[in-house]
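*Asks:* Below are the structure tokens for one structure; questions will follow.
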Amino acid sequence: MSVAPTLDYERRFRNSGARLLAGIDEVGRGALAGPVSVGIAVVDLQQQKLLADVRDSKLLKVADRERLVPLVRDWSVASAVGHASANEIDELGIIAALRLAGNRAWFAVLAAGIRPEIVLLDGSHNWLSPDLQPSLFDDAPAEPGCDAPVHTLVKADMQCLSVAAASIIAKVERDAMMCELHTQYPAYGWDVNKGYGTAAHKDALRTSGPTPYHRVSWQLL
């Protein structure tokens with residue numbers, strides 16, 4: 001079993017005076033079909049205790065992930081999952097779609113009355129913060145979005161409990177969506193592959209072509 005993630009890294013931000021930290025992770029970025037989904041789990045750096053059994057969602061069995069979702073929801077100060085559809089990925093590109101999904105989750109947390117002071121994002125690239133204006137002479141308002149400072153950390157989902165918790169709620173919610181879509185399009189095996197490019201999924205694409213839930217701007221085959 002992998003080493004359990006802790007809140008040790010998150011608690012470093014207490015030195016800056018932060019109390020509420022949002023751990024954020026995405027799932028579905030590399031899939032050929034379905035949405036990209038972003039989970040947020042907010043922790044109180046002064047009070048939060050550890051939560052047993054939580055790991056990066058990819059390391060957990062399906063039953064364990066599903067069992068942990070209500071525990072993560074109860075444990076978090078606030079939590080949410082945002083999605084961007086395959087059509088939005090085609091229209092905007094994957095980075096902007098990640099930002100859209102992330103900010104949908106962000107605004108859901110704000111709507112619950114919680115405003116995190118700092119964000120910890122899995123990976124090396126801050127795709128969450130709004131795009132900077134193209135030039136100093138552009139009067140267009142900046143797009144609304146996460147206005148808290150964003151810190152990135154490679155493999156945060158392996159070592160940071162807030163991010164691992166976010167990965168679980170995002171993974172379970174997206175997987176359920178793909179299983180629901182599977183009932184409409186059973187040939188593609190989304191109940192098993194969740195939209196990722198397995199051999200069986202690609203064989204079905206060759207036979208039947210893409211569905212409305214495929215990212216047709218991608219090189220699917």
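Chains: A, B, ... in order of the structure tokens. Residues: from 1 per chain. Ligands: from 1, in order shown.
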Using only C-alpha atoms, which residues of stretch 106-181 of chain A come within 7 Å of stretch 25-34 of chain A, and what is the closest atom pair for each, with the distance in Å to one decimal? Give it as CSV, sorted by chain and residue number.
*Replies:*
residue,atom,partner,partner_atom,distance
A:Leu121,CA,A:Asp25,CA,6.3
A:Asp122,CA,A:Asp25,CA,5.6
A:Val163,CA,A:Asp25,CA,5.9
A:Ala166,CA,A:Asp25,CA,5.7
A:Ser167,CA,A:Asp25,CA,5.2
A:Ala170,CA,A:Val27,CA,6.5
A:Lys171,CA,A:Val27,CA,6.0
A:Met178,CA,A:Gly34,CA,6.7
*Asks:* Find the residues near A:Val36: any atom within 12 Å, counting only C-alpha atoms, skip ones fewer than 2 places away on the same chain, and give them as a compact mmCIF listing (two decimals) with C-alpha atoms, in the first residue's frame.
*Replies:*
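Saved result, around13.txt, follows:
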# COMPACT_ATOMS: atom_id res chain seq x y z
CA ASP A 25 -7.29 17.77 -8.66
CA GLU A 26 -8.64 16.89 -12.10
CA VAL A 27 -9.74 13.64 -13.71
CA GLY A 28 -10.50 12.81 -17.31
CA ARG A 29 -7.94 15.11 -18.88
CA GLY A 30 -6.55 12.41 -21.16
CA ALA A 31 -9.81 10.66 -22.04
CA LEU A 32 -11.20 10.50 -25.57
CA ALA A 33 -14.81 10.91 -24.45
CA GLY A 34 -16.77 12.49 -21.65
CA VAL A 38 -12.22 19.00 -11.25
CA GLY A 39 -12.66 18.31 -7.55
CA VAL A 81 -16.88 18.94 -8.41
CA GLY A 82 -17.07 20.94 -11.65
CA HIS A 83 -17.24 19.56 -15.18
CA ALA A 84 -16.55 20.77 -18.71
CA SER A 85 -18.16 18.77 -21.50
CA ALA A 86 -16.56 17.22 -24.55
CA ASN A 87 -18.15 19.98 -26.64
CA GLU A 88 -16.58 22.62 -24.42
CA ILE A 89 -13.20 20.86 -24.68
CA ASP A 90 -13.54 20.90 -28.48
CA GLY A 93 -9.17 23.49 -25.81
CA ILE A 94 -8.29 21.31 -22.85
CA ILE A 95 -6.53 23.95 -20.71
CA ALA A 96 -9.39 26.45 -20.95
CA ALA A 97 -11.86 23.59 -20.33
CA LEU A 98 -9.93 22.60 -17.21
CA ARG A 99 -10.14 26.22 -16.06
CA LEU A 100 -13.89 26.26 -16.76
CA ALA A 101 -14.50 23.04 -14.82
CA GLY A 102 -12.25 24.19 -11.98
CA ARG A 104 -17.39 25.87 -11.70
CA ALA A 170 -13.98 14.05 -8.81
CA LYS A 171 -13.18 10.49 -9.93
CA GLU A 173 -18.60 11.66 -9.86
CA ARG A 174 -17.07 11.47 -13.35
CA ASP A 175 -17.09 7.67 -13.37
CA MET A 177 -21.43 10.06 -15.44
CA MET A 178 -19.55 7.75 -17.81
CA LYS A 194 -14.54 5.60 -18.53
CA GLY A 195 -13.85 7.21 -21.89
CA TYR A 196 -10.12 6.54 -22.01
CA TYR A 213 -19.67 12.77 -26.20
CA HIS A 214 -16.37 12.24 -28.00
CA ARG A 215 -13.74 14.99 -28.18
*Asks:* Could the residues of stretch 72-183 of chain A that have an atom at most 10 Å from stretch 51-65 of chain A be listed as a Markdown table, each with its closest atom pair and the distance in Å to one decimal, counting only C-alpha atoms and ordered by chain and ascending residue number?
*Replies:*
| residue | atom | partner | partner_atom | distance |
| --- | --- | --- | --- | --- |
| A:Val72 | CA | A:Leu51 | CA | 7.9 |
| A:Trp75 | CA | A:Leu51 | CA | 7.5 |
| A:Ser76 | CA | A:Leu51 | CA | 9.8 |
| A:Lys155 | CA | A:Asp56 | CA | 9.2 |
| A:Ala156 | CA | A:Asp56 | CA | 8.9 |
| A:Asp157 | CA | A:Asp56 | CA | 5.2 |
| A:Met158 | CA | A:Asp56 | CA | 5.5 |
| A:Gln159 | CA | A:Asp56 | CA | 8.4 |
| A:Cys160 | CA | A:Arg55 | CA | 9.0 |
| A:Leu161 | CA | A:Val54 | CA | 7.2 |
| A:Ser162 | CA | A:Val54 | CA | 9.5 |
| A:Val163 | CA | A:Asp56 | CA | 7.9 |
| A:Ala164 | CA | A:Asp56 | CA | 4.7 |
| A:Ala165 | CA | A:Val54 | CA | 6.5 |
| A:Ala166 | CA | A:Ser57 | CA | 8.8 |
| A:Ser167 | CA | A:Ser57 | CA | 5.6 |
| A:Ile168 | CA | A:Ser57 | CA | 4.9 |
| A:Ile169 | CA | A:Arg65 | CA | 8.1 |
| A:Ala170 | CA | A:Ser57 | CA | 8.8 |
| A:Lys171 | CA | A:Ser57 | CA | 6.7 |
| A:Val172 | CA | A:Arg65 | CA | 6.8 |
| A:Asp175 | CA | A:Val62 | CA | 9.6 |
*Asks:* Considering only C-alpha atoms, return as a PDB file with C-alpha atoms, in the first residue's frame whatever protein or nucleic-acid residues lie within 9 Å of A:Pro210, sequence-local ones (same chain, fewer than 6 positions apart) excluded.
*Replies:*
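Final output, saved to out_25.pdb:
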ATOM      1  CA  ALA A  33     -14.810  10.908 -24.448  1.00  0.00           C
ATOM      2  CA  ALA A 204     -15.635   0.682 -31.397  1.00  0.00           C
ATOM      3  CA  VAL A 216     -13.781  15.193 -31.956  1.00  0.00           C
ATOM      4  CA  LEU A 220      -9.171   9.894 -31.627  1.00  0.00           C
TER       5      LEU A 220
END
*Asks:* Please measure the separation of atom CA of A:Gln184 and atom CA of A:Thr211, giving the value in Å to one decimal.
*Replies:*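 About the pair atom CA of A:Gln184 and atom CA of A:Thr211: they are 10.0 Å apart.
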*Asks:* Name the closest residue to A:Ser16 among the candidates A:Val42, A:Val109, A:Ile118, A:Val3; distances are taken between atoms, counting only C-alpha atoms.
*Replies:* A:Ile118
*Asks:* Using only C-alpha atoms, which residue out of A:Pro130, A:Pro144, A:Pro116, A:Pro149 lies closest to A:Ala78?
*Replies:*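 Closest to A:Ala78 of all the choices is A:Pro116.
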*Asks:* Could you name the residues that touch A:Arg206 at 12 Å or less, counting only C-alpha atoms, but leaving out those on the same chain fewer than 6 positions away, as a ChimeraX atom specification?
*Replies:* /A:187-188,199-200,220-221
*Asks:* Please provide as a list in words all residues within 10 Å of A:Ile114, with the sequence filter that same-chain residues fewer than 6 positions apart are discarded (counting only C-alpha atoms).
*Replies:* Leu20, Val42, Val77, Ala78, Ser79, Trp106, Phe107 and Ala108 of chain A
*Asks:* According to DSSP computed on the backbone, where in stretch 35-180 of chain A is there alpha helix (DSSP H)? Give the residues as a ChimeraX atom specification.
*Replies:* /A:62-75,86-92,94-111,156-159,161-180
